[in-house]
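The file input_12.txt comes next; it holds compact mmCIF, C-alpha atoms.
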# COMPACT_ATOMS: atom_id res chain seq x y z
CA MET A 220 -45.33 -7.71 12.67
CA LYS A 221 -42.35 -5.67 11.65
CA VAL A 222 -39.89 -7.35 9.26
CA LEU A 223 -36.36 -5.99 8.82
CA LEU A 224 -34.59 -6.78 5.57
CA ARG A 225 -31.03 -6.12 4.40
CA ASN A 226 -29.11 -5.40 1.24
CA PRO A 227 -30.60 -2.86 0.95
CA ARG A 228 -31.87 -2.21 4.47
CA ARG A 229 -35.62 -1.75 4.62
CA GLU A 230 -38.67 -2.47 6.77
CA LEU A 231 -41.99 -4.13 5.99
CA GLU A 232 -45.21 -4.57 7.95
CA ILE A 233 -47.14 -7.82 7.76
CA GLU A 234 -50.60 -8.05 9.33
CA GLY A 235 -51.43 -10.76 11.86
CA ASP A 236 -49.65 -13.82 13.26
CA ALA A 237 -47.89 -16.28 10.98
CA SER A 238 -45.38 -19.11 11.05
CA VAL A 239 -41.86 -18.37 9.81
CA LYS A 240 -42.55 -20.61 6.83
CA ASP A 241 -45.62 -18.53 5.92
CA VAL A 242 -43.79 -15.23 6.32
CA LEU A 243 -41.06 -16.39 3.94
CA ARG A 244 -43.60 -17.76 1.49
CA ARG A 245 -45.55 -14.47 1.48
CA LEU A 246 -42.37 -12.54 0.76
CA ASP A 247 -41.24 -15.10 -1.84
CA ILE A 248 -37.97 -15.75 -0.01
CA ILE A 249 -36.23 -19.13 -0.23
CA PRO A 250 -35.62 -20.42 3.33
CA GLU A 251 -32.04 -21.50 2.45
CA THR A 252 -31.08 -17.89 1.75
CA VAL A 253 -31.87 -16.29 5.13
CA LEU A 254 -31.70 -16.63 8.87
CA VAL A 255 -34.81 -15.48 10.71
CA ILE A 256 -33.86 -13.76 13.95
CA ARG A 257 -36.06 -12.51 16.81
CA ASP A 258 -34.46 -10.89 19.89
CA GLY A 259 -31.08 -12.34 18.96
CA GLU A 260 -32.42 -15.91 18.67
CA LEU A 261 -32.77 -17.96 15.50
CA LEU A 262 -36.27 -19.06 14.58
CA LEU A 263 -37.23 -22.36 12.96
CA LYS A 264 -39.70 -22.63 10.09
CA THR A 265 -42.47 -23.88 12.41
CA ASP A 266 -42.06 -21.06 14.97
CA LEU A 267 -44.93 -18.60 15.28
CA VAL A 268 -44.32 -14.90 14.80
CA THR A 269 -46.99 -12.70 16.38
CA ASP A 270 -48.32 -9.41 15.18
CA ALA A 271 -46.39 -7.59 17.92
CA ASP A 272 -43.00 -9.12 17.02
CA THR A 273 -40.08 -7.64 15.13
CA ILE A 274 -38.04 -10.12 13.12
CA GLU A 275 -34.92 -9.74 11.02
CA LEU A 276 -34.52 -11.68 7.77
CA ARG A 277 -30.76 -11.80 7.50
CA PRO A 278 -29.42 -12.85 4.10
CA VAL A 279 -26.69 -15.47 4.16
CA ILE A 280 -25.55 -15.34 0.54
CA SER A 281 -22.28 -13.55 0.16
CA GLY A 282 -20.52 -13.05 -3.09
CA GLY A 283 -17.80 -11.06 -4.66
CA SER A 284 -14.42 -12.09 -5.79
CA PRO A 285 -13.07 -15.59 -5.37
CA ARG A 286 -11.24 -15.45 -2.08
CA MET B 71 -38.81 -29.14 17.00
CA LYS B 72 -36.34 -31.06 19.18
CA CYS B 73 -32.60 -31.62 18.91
CA LYS B 74 -31.92 -35.03 17.34
CA VAL B 75 -29.19 -35.70 19.91
CA CYS B 76 -30.56 -34.52 23.27
CA ARG B 77 -34.26 -33.75 22.57
CA GLU B 78 -33.88 -30.23 23.98
CA SER B 79 -35.38 -27.26 22.11
CA ALA B 80 -33.86 -26.94 18.65
CA ALA B 81 -31.90 -23.93 17.42
CA ILE B 82 -31.44 -24.87 13.76
CA GLU B 83 -32.62 -27.33 11.14
CA ILE B 84 -30.24 -28.69 8.49
CA ARG B 85 -32.51 -30.18 5.88
CA ARG B 86 -29.86 -31.90 3.78
CA HIS B 87 -28.80 -33.92 6.83
CA HIS B 88 -32.42 -34.50 7.95
CA ALA B 89 -31.24 -33.05 11.24
CA VAL B 90 -32.34 -30.57 13.86
CA PHE B 91 -29.88 -29.47 16.54
CA CYS B 92 -29.83 -27.46 19.77
CA LYS B 93 -27.13 -24.83 19.99
CA GLU B 94 -24.49 -27.04 21.65
CA HIS B 95 -25.01 -30.02 19.38
CA PHE B 96 -24.99 -27.75 16.33
CA PHE B 97 -21.51 -26.51 17.37
CA GLU B 98 -20.42 -30.12 17.83
CA HIS B 99 -21.81 -31.06 14.43
CA ILE B 100 -19.99 -28.21 12.70
CA ALA B 101 -16.71 -28.99 14.43
CA ARG B 102 -17.02 -32.65 13.45
CA GLN B 103 -17.72 -31.78 9.82
CA VAL B 104 -14.67 -29.50 9.67
CA GLU B 105 -12.44 -32.09 11.37
CA ARG B 106 -13.62 -34.70 8.91
CA THR B 107 -12.87 -32.43 5.95
CA ILE B 108 -9.38 -31.65 7.27
CA HIS B 109 -8.73 -35.36 7.79
CA ASP B 110 -10.24 -36.67 4.53
CA PHE B 111 -8.30 -34.24 2.35
CA ALA B 112 -5.12 -34.21 4.50
CA MET B 113 -5.35 -30.42 4.78
CA LEU B 114 -3.28 -29.69 7.87
CA GLU B 115 -0.32 -31.44 9.49
CA PRO B 116 0.61 -31.15 13.15
CA GLY B 117 3.02 -28.30 13.86
CA GLU B 118 2.41 -26.44 10.60
CA ARG B 119 2.25 -22.65 10.67
CA ILE B 120 -1.27 -21.71 9.56
CA LEU B 121 -2.45 -18.38 8.17
CA LEU B 122 -6.15 -17.59 7.63
CA GLY B 123 -7.46 -14.98 5.18
CA VAL B 124 -9.88 -12.96 7.34
CA SER B 125 -12.51 -10.69 5.78
CA GLY B 126 -14.63 -9.89 8.84
CA GLY B 127 -17.46 -11.88 7.27
CA LYS B 128 -19.25 -14.92 8.66
CA ASP B 129 -17.13 -17.59 6.97
CA SER B 130 -13.66 -16.50 7.97
CA LEU B 131 -14.64 -15.60 11.54
CA ALA B 132 -16.56 -18.86 12.00
CA LEU B 133 -13.60 -20.81 10.60
CA TRP B 134 -11.15 -19.02 12.89
CA ASP B 135 -13.37 -19.89 15.85
CA ILE B 136 -13.81 -23.53 14.85
CA LEU B 137 -10.11 -24.14 14.15
CA THR B 138 -9.07 -22.42 17.37
CA ASP B 139 -11.55 -24.54 19.36
CA LEU B 140 -10.17 -27.64 17.63
CA GLY B 141 -6.74 -26.73 18.99
CA TYR B 142 -5.07 -25.28 15.90
CA LYS B 143 -2.99 -22.16 16.33
CA VAL B 144 -4.08 -19.93 13.47
CA ASP B 145 -2.92 -16.40 12.68
CA GLY B 146 -5.14 -14.12 10.60
CA VAL B 147 -4.44 -11.60 7.86
CA TYR B 148 -6.89 -8.88 6.84
CA ILE B 149 -6.45 -6.98 3.59
CA GLU B 150 -7.80 -3.42 3.75
CA LEU B 151 -9.23 -2.97 0.26
CA GLY B 152 -10.31 0.66 0.59
CA ILE B 153 -13.96 0.01 -0.25
CA GLY B 154 -16.43 2.65 0.94
CA GLY B 155 -14.04 5.35 2.13
CA GLU B 156 -12.82 6.10 5.64
CA GLU B 157 -15.88 4.94 7.54
CA GLY B 158 -17.18 2.58 4.92
CA TYR B 159 -17.42 -1.13 4.21
CA SER B 160 -13.73 -2.06 4.48
CA SER B 161 -13.03 -0.20 7.70
CA GLY B 162 -16.20 -1.61 9.27
CA SER B 163 -15.17 -5.14 8.32
CA LEU B 164 -11.69 -4.57 9.74
CA GLN B 165 -13.18 -3.38 13.02
CA LEU B 166 -15.19 -6.61 13.31
CA ALA B 167 -12.19 -8.80 12.45
CA ASP B 168 -10.03 -6.88 14.92
CA GLN B 169 -12.63 -7.09 17.66
CA TYR B 170 -12.93 -10.86 17.21
CA ALA B 171 -9.14 -11.32 17.27
CA LYS B 172 -8.85 -9.25 20.45
CA ASN B 173 -11.71 -11.09 22.16
CA ARG B 174 -9.99 -14.43 21.57
CA ASP B 175 -6.43 -13.18 21.93
CA LEU B 176 -5.53 -14.12 18.36
CA ASN B 177 -2.95 -12.55 16.10
CA LEU B 178 -4.34 -10.45 13.20
CA GLN B 179 -2.04 -8.83 10.67
CA VAL B 180 -3.48 -5.97 8.61
CA VAL B 181 -2.22 -5.17 5.11
CA ASP B 182 -3.39 -1.89 3.62
CA LEU B 183 -3.56 -2.16 -0.16
CA ALA B 184 -3.26 1.61 -0.65
CA THR B 185 -0.22 1.96 1.61
CA GLU B 186 1.59 -1.20 0.50
CA TYR B 187 0.68 -1.33 -3.17
CA GLY B 188 -0.53 2.17 -4.05
CA TYR B 189 -4.18 1.62 -4.94
CA THR B 190 -7.62 0.73 -3.61
CA ILE B 191 -10.09 -1.66 -5.24
CA PRO B 192 -12.49 1.10 -6.39
CA GLN B 193 -9.53 2.96 -7.96
CA ALA B 194 -8.28 -0.16 -9.74
CA ALA B 195 -11.76 -1.02 -11.01
CA ALA B 196 -12.20 2.51 -12.38
CA GLU B 197 -8.75 2.65 -13.97
CA THR B 198 -8.90 -0.77 -15.63
CA ARG B 199 -12.66 -0.65 -16.36
CA ARG B 200 -12.86 -4.20 -15.07
CA VAL B 201 -15.55 -5.33 -12.65
CA ALA B 202 -14.47 -4.71 -9.08
CA CYS B 203 -14.71 -8.41 -8.12
CA SER B 204 -12.14 -9.27 -10.78
CA VAL B 205 -9.43 -6.84 -9.60
CA CYS B 206 -10.33 -7.63 -5.99
CA GLY B 207 -9.89 -11.38 -6.50
CA LEU B 208 -6.59 -10.88 -8.31
CA SER B 209 -5.29 -8.58 -5.55
CA LYS B 210 -6.40 -10.79 -2.67
CA ARG B 211 -4.99 -14.00 -4.19
CA TYR B 212 -1.62 -12.37 -4.74
CA VAL B 213 -1.34 -10.53 -1.43
CA LEU B 214 -2.56 -13.44 0.71
CA ASN B 215 -0.06 -15.80 -0.91
CA LYS B 216 2.76 -13.29 -0.55
CA ILE B 217 2.04 -12.60 3.13
CA ALA B 218 1.85 -16.34 3.82
CA HIS B 219 5.05 -17.06 1.90
CA ASP B 220 7.08 -14.16 3.32
CA GLY B 221 5.81 -14.91 6.83
CA GLY B 222 7.02 -18.52 6.66
CA TYR B 223 3.56 -20.07 6.83
CA GLU B 224 3.21 -23.57 5.39
CA VAL B 225 -0.51 -23.32 4.70
CA LEU B 226 -3.05 -20.65 3.84
CA VAL B 227 -6.54 -21.44 5.11
CA MET B 228 -9.51 -19.96 3.28
CA GLY B 229 -13.15 -19.61 4.31
CA HIS B 230 -14.71 -20.95 1.09
CA ASN B 231 -17.88 -22.80 2.04
CA LEU B 232 -20.08 -25.40 0.35
CA ASP B 233 -22.13 -22.73 -1.44
CA ASP B 234 -19.03 -20.91 -2.73
CA GLU B 235 -17.48 -24.08 -4.13
CA ALA B 236 -20.72 -25.44 -5.61
CA ALA B 237 -21.36 -22.07 -7.30
CA VAL B 238 -17.85 -21.90 -8.76
CA LEU B 239 -18.18 -25.44 -10.07
CA MET B 240 -21.61 -24.68 -11.55
CA GLY B 241 -20.32 -21.50 -13.23
CA ASN B 242 -17.34 -23.26 -14.73
CA THR B 243 -19.44 -26.23 -15.83
CA LEU B 244 -22.03 -24.03 -17.54
CA ASN B 245 -19.17 -22.59 -19.60
CA TRP B 246 -17.22 -25.88 -19.83
CA ASN B 247 -14.15 -24.09 -18.63
CA LEU B 248 -12.01 -27.21 -18.41
CA GLU B 249 -8.90 -25.55 -17.05
CA TYR B 250 -10.75 -24.01 -14.11
CA ILE B 251 -12.75 -27.19 -13.47
CA GLY B 252 -9.47 -29.13 -13.38
CA ARG B 253 -8.06 -26.69 -10.87
CA GLN B 254 -10.96 -26.82 -8.38
CA ARG B 255 -9.71 -28.85 -5.42
CA PRO B 256 -10.12 -28.75 -1.62
CA VAL B 257 -6.32 -28.50 -1.40
CA LEU B 258 -4.33 -26.44 -3.88
CA PRO B 259 -0.77 -27.69 -3.48
CA ALA B 260 2.28 -25.44 -3.53
CA THR B 261 3.36 -26.58 -6.96
CA LYS B 262 6.07 -23.95 -7.46
CA GLU B 263 8.56 -22.07 -5.33
CA GLY B 264 6.78 -18.94 -4.09
CA LEU B 265 3.34 -20.55 -3.79
CA VAL B 266 1.85 -21.56 -0.45
CA ARG B 267 -0.55 -24.51 -0.13
CA LYS B 268 -4.20 -23.39 0.11
CA VAL B 269 -6.91 -25.37 1.88
CA LYS B 270 -10.67 -24.99 2.36
CA PRO B 271 -11.88 -26.66 5.57
CA LEU B 272 -15.47 -25.29 5.30
CA LEU B 273 -16.20 -27.36 2.21
CA ARG B 274 -18.94 -29.34 3.95
CA ILE B 275 -20.53 -26.33 5.66
CA ALA B 276 -23.27 -24.32 3.90
CA GLU B 277 -23.14 -20.56 4.24
CA ARG B 278 -26.43 -20.52 6.11
CA GLU B 279 -24.66 -22.65 8.72
CA THR B 280 -21.61 -20.37 9.07
CA ALA B 281 -23.99 -17.42 9.51
CA ALA B 282 -26.02 -19.36 12.08
CA TYR B 283 -22.81 -20.42 13.83
CA CYS B 284 -21.79 -16.77 14.25
CA VAL B 285 -25.23 -15.67 15.48
CA LEU B 286 -25.45 -18.54 17.98
CA LYS B 287 -21.87 -18.01 19.19
CA GLY B 288 -22.39 -14.25 19.52
CA ILE B 289 -19.70 -13.45 16.93
CA ASP B 290 -20.33 -10.06 15.31
CA TYR B 291 -19.58 -10.24 11.60
CA GLU B 292 -20.03 -8.01 8.56
CA VAL B 293 -23.63 -8.70 7.57
CA ASP B 294 -23.91 -6.15 4.77
CA GLU B 295 -22.86 -7.16 1.29
CA CYS B 296 -19.90 -5.45 -0.33
CA PRO B 297 -21.32 -2.37 -2.11
CA LEU B 298 -19.34 -3.21 -5.26
CA VAL B 299 -20.66 -6.73 -5.64
CA GLY B 300 -24.25 -6.02 -6.78
CA GLY B 301 -25.79 -8.76 -8.92
CA ASN B 302 -22.57 -10.49 -9.94
CA THR B 303 -22.70 -13.86 -11.64
CA GLY B 304 -21.51 -15.80 -8.60
CA ILE B 305 -24.42 -14.55 -6.52
CA ARG B 306 -26.92 -15.32 -9.29
CA ILE B 307 -25.61 -18.89 -9.54
CA LYS B 308 -25.95 -19.27 -5.77
CA GLU B 309 -29.57 -18.17 -6.05
CA TRP B 310 -30.24 -20.75 -8.79
CA LEU B 311 -28.62 -23.47 -6.69
CA ASN B 312 -30.72 -22.46 -3.69
CA VAL B 313 -33.91 -22.85 -5.71
CA MET B 314 -32.85 -26.43 -6.47
CA GLU B 315 -31.71 -26.98 -2.87
CA SER B 316 -35.08 -25.89 -1.49
CA GLN B 317 -36.82 -28.48 -3.67
CA ARG B 318 -34.19 -31.21 -3.29
CA PRO B 319 -32.19 -30.71 -0.07
CA GLY B 320 -28.62 -31.92 -0.53
CA THR B 321 -28.35 -30.87 -4.18
CA LYS B 322 -25.35 -28.59 -3.61
CA GLN B 323 -23.48 -31.18 -1.56
CA ARG B 324 -24.17 -33.98 -4.04
CA PHE B 325 -23.07 -31.78 -6.94
CA LEU B 326 -19.80 -30.72 -5.31
CA PHE B 327 -18.84 -33.97 -3.61
CA GLY B 328 -19.92 -36.05 -6.59
CA PHE B 329 -17.49 -33.99 -8.62
CA LEU B 330 -14.67 -34.30 -6.07
CA ASP B 331 -15.23 -38.04 -5.54
CA ARG B 332 -15.94 -39.20 -9.06
CA ALA B 333 -15.24 -36.56 -11.71
CA SER B 334 -12.43 -34.17 -10.78
CA ASP B 335 -9.64 -36.57 -11.81
CA HIS B 336 -11.03 -36.62 -15.36
CA PHE B 337 -10.42 -32.88 -15.64
CA ALA B 338 -6.97 -32.81 -14.04
CA SER B 339 -5.16 -33.19 -17.37
CA ALA B 340 -6.86 -30.06 -18.78
CA HIS B 341 -5.35 -28.09 -15.94
CA GLN B 342 -1.90 -29.68 -16.09
CA GLU B 343 -1.45 -29.39 -19.86
CA GLU B 344 -2.28 -25.74 -19.70
CA VAL B 345 0.22 -24.65 -17.11
CA GLU B 346 3.79 -23.72 -17.86
CA LEU B 347 4.94 -21.20 -15.32
CA ASN B 348 7.74 -18.63 -15.50
CA GLU B 349 9.04 -16.32 -12.82
CA CYS B 350 7.54 -12.83 -12.90
CA THR B 351 10.25 -10.41 -14.00
CA THR B 352 9.17 -7.94 -11.30
CA CYS B 353 8.32 -9.98 -8.19
CA GLY B 354 9.54 -13.51 -8.98
CA GLN B 355 6.12 -15.09 -8.36
CA PRO B 356 5.03 -17.87 -10.74
CA THR B 357 3.17 -16.59 -13.81
CA THR B 358 2.24 -17.76 -17.29
CA ASN B 359 3.53 -14.45 -18.75
CA ASP B 360 6.77 -12.51 -18.32
CA GLN B 361 5.19 -10.23 -15.72
CA CYS B 362 2.38 -11.49 -13.44
CA SER B 363 -1.12 -9.99 -13.59
CA PHE B 364 -0.74 -8.38 -10.19
CA CYS B 365 2.50 -6.59 -11.07
CA ARG B 366 0.95 -5.41 -14.35
CA LEU B 367 -2.02 -4.01 -12.41
CA GLN B 368 0.25 -2.37 -9.85
CA ALA B 369 2.39 -0.81 -12.59
CA ARG B 370 -0.68 0.50 -14.36
CA MET B 371 -1.97 2.06 -11.15
CA ALA B 372 1.43 3.64 -10.48
CA ASP B 373 1.51 5.10 -14.01
CA ARG B 374 -1.87 6.79 -13.77
CA GLY B 375 -0.23 9.87 -12.19

Take the structure from the file and write it as structure tokens.
Amino acid sequence: MKVLLRNPRRELEIEGDASVKDVLRRLDIIPETVLVIRDGELLLKTDLVTDADTIELRPVISGGSPR
Amino acid sequence: MKCKVCRESAAIEIRRHHAVFCKEHFFEHIARQVERTIHDFAMLEPGERILLGVSGGKDSLALWDILTDLGYKVDGVYIELGIGGEEGYSSGSLQLADQYAKNRDLNLQVVDLATEYGYTIPQAAAETRRVACSVCGLSKRYVLNKIAHDGGYEVLVMGHNLDDEAAVLMGNTLNWNLEYIGRQRPVLPATKEGLVRKVKPLLRIAERETAAYCVLKGIDYEVDECPLVGGNTGIRIKEWLNVMESQRPGTKQRFLFGFLDRASDHFASAHQEEVELNECTTCGQPTTNDQCSFCRLQARMADRG
């Protein structure tokens, strides 16, 4: 599967099928810090991502100055 | 996974509420949480003129959407900070804010820092050798209040979410900064002439939920992080809190609401003792000095030649 990451933008390849939970665990990403998106839809931790899929791991932490 | 309300396919899980929702019931849940926050902290009164600080990010656009759907008439103000040049971060964020406002027929005012005040955030950071987030925060606080005050708005609505507020509280607690802890409230009252009341209706909503709200509603928002923000303390604290949250869901909410419910009053005196405000000799805004920090910054930028 192809995995798109942001900040900075980059792409990774992961071999084989895996659940969202497993993908995040393999990449050492805390589930609270991202949305996992496939074809514009949000995925849940139990959803299966296949080898042919492209998913985006969109970070949700924003920072900067106190607004 | 199935929605806890209707048993249809789920769109999102919120672990701290032990809840899974479909898209429609997630929107309902978010709206209810925001309504409850507004009610519990008496944030908004009927008929008040409301101004929202809009950044083009997930929080402010989600909040604009939620408040509008709840029946509030909310105008927006975007501050063009001049980050990233002509086709960079700030102009991209403005485009997204503008597009949202047009789609929903909402009123967005744009204030260009360079045109109105003579500097951009990268210029001010370079000139003062302060971190960009510091001059940015100072500029935004001042300009948002001024626009709200001069425009006759009774309340300034901000998109601070649960993660923002928990991280600020954690940062101030780690340093035992009593004055700042005493000042952290869901409603910052207009204590002096020239100040507009500030409220934070997203206090119960985590930032993962505002991002999910935008994705599920089809609201395009600025996903990329500000290029000047890299590795600042606030983001690091959020990461630490998320490690705890992943092991004990609800940690952030318990920390923040425990403070607001049971501890904040104990720190109020630290804040009140500290503050004796004068009028800024340049702009008349309340300040602890003769001239306020914003006017000092503006003067320094004007003097650089």

Exercise for the section: Could you give me, as a VMD selection string, the residues that have an atom at most 6 Å away from the point (-19.8, -16.7, -1.9) in the coordinates of the file, using only C-alpha atoms? Expected result: (chain A and resid 281 to 282) or (chain B and resid 234)

Taking only residues of chain A that have an atom at most 12 Å from an atom of chain B, what is each one's shortest atom pair and its distance in Å to one decimal, using only C-alpha atoms, in chain and number order, as a Markdown table?
| residue | atom | partner | partner_atom | distance |
| --- | --- | --- | --- | --- |
| A:Leu224 | CA | B:Asp294 | CA | 10.7 |
| A:Arg225 | CA | B:Asp294 | CA | 7.1 |
| A:Asn226 | CA | B:Asp294 | CA | 6.3 |
| A:Pro227 | CA | B:Asp294 | CA | 8.4 |
| A:Arg228 | CA | B:Asp294 | CA | 8.9 |
| A:Asp247 | CA | B:Val313 | CA | 11.3 |
| A:Ile248 | CA | B:Val313 | CA | 10.0 |
| A:Ile249 | CA | B:Ser316 | CA | 7.0 |
| A:Pro250 | CA | B:Ser316 | CA | 7.3 |
| A:Glu251 | CA | B:Asn312 | CA | 6.4 |
| A:Thr252 | CA | B:Arg278 | CA | 6.9 |
| A:Val253 | CA | B:Arg278 | CA | 7.0 |
| A:Leu254 | CA | B:Ala282 | CA | 7.1 |
| A:Val255 | CA | B:Ala282 | CA | 9.7 |
| A:Ile256 | CA | B:Val285 | CA | 9.0 |
| A:Arg257 | CA | B:Val285 | CA | 11.4 |
| A:Asp258 | CA | B:Val285 | CA | 11.3 |
| A:Gly259 | CA | B:Val285 | CA | 7.6 |
| A:Glu260 | CA | B:Leu286 | CA | 7.5 |
| A:Leu261 | CA | B:Ala81 | CA | 6.3 |
| A:Leu262 | CA | B:Ala81 | CA | 7.1 |
| A:Leu263 | CA | B:Ile82 | CA | 6.4 |
| A:Lys264 | CA | B:Glu83 | CA | 8.6 |
| A:Thr265 | CA | B:Met71 | CA | 7.9 |
| A:Asp266 | CA | B:Met71 | CA | 8.9 |
| A:Glu275 | CA | B:Val293 | CA | 11.9 |
| A:Leu276 | CA | B:Val293 | CA | 11.3 |
| A:Arg277 | CA | B:Val293 | CA | 7.8 |
| A:Pro278 | CA | B:Val293 | CA | 7.9 |
| A:Val279 | CA | B:Arg278 | CA | 5.4 |
| A:Ile280 | CA | B:Glu277 | CA | 6.8 |
| A:Ser281 | CA | B:Glu295 | CA | 6.5 |
| A:Gly282 | CA | B:Ile305 | CA | 5.4 |
| A:Gly283 | CA | B:Val299 | CA | 5.3 |
| A:Ser284 | CA | B:Cys203 | CA | 4.4 |
| A:Pro285 | CA | B:Gly207 | CA | 5.4 |
| A:Arg286 | CA | B:Gly207 | CA | 6.2 |

Handout entry: Who sits within 8 Å of Lys221 in chain A, only C-alpha atoms, same chain under 5 positions skipped, as a ChimeraX atom specification
Key = /A:230-233,270-274

Exercise for the section: Mind checking which residues fall within 12 Å of Asp110 in chain B, counting only C-alpha atoms, ignoring those fewer than 4 positions away in the same chain, and posting them as a list of chain:residue names? Expected result: B:Arg102, B:Gln103, B:Val104, B:Glu105, B:Arg106, B:Leu114, B:Pro256, B:Val257, B:Lys270, B:Pro271, B:Leu273, B:Arg274, B:Leu330, B:Asp331

Problem - CA of Thr269 in chain A to CA of Glu234 in chain A, straight-line distance in Å - result: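 Those two atoms sit 9.2 Å apart.
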
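Shortest separation to Ile108 in chain B among B:Val269, B:His87, B:Glu157, B:Gly320 occurs at residue B:Val269, atoms counted being all atoms listed in the file.
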
Exercise for the section: With a distance cut-off of 10 Å and only C-alpha atoms, select the neighbouring residues of Ser363 in chain B, excluding the residue or stretch itself and same-chain residues fewer than 3 positions from it, and output the selection as a ChimeraX atom specification. Expected result: /B:205,208-209,212,350,357-360,366-369

Practice task
Could you give me, as a ChimeraX atom specification, the residues that have an atom at most 10 Å away from the point (-7.4, 3.8, -12.9) in the coordinates of the file, using all atoms listed in the file?
Solution key: /B:189-200,367,370-375

Centre and edges of the range 268-273 of chain A box, axis-aligned, 4 Å extra per side, as JSON:
{"center_x": -44.2, "center_y": -11.2, "center_z": 16.4, "size_x": 16.2, "size_y": 15.3, "size_z": 11.1}

Exercise for the section: Using CA of Glu98 in chain B and CA of Leu133 in chain B as the two end points, give the distance in Å to one decimal. Expected result: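 Atom-to-atom, CA of Glu98 in chain B and CA of Leu133 in chain B are spaced 13.6 Å apart.
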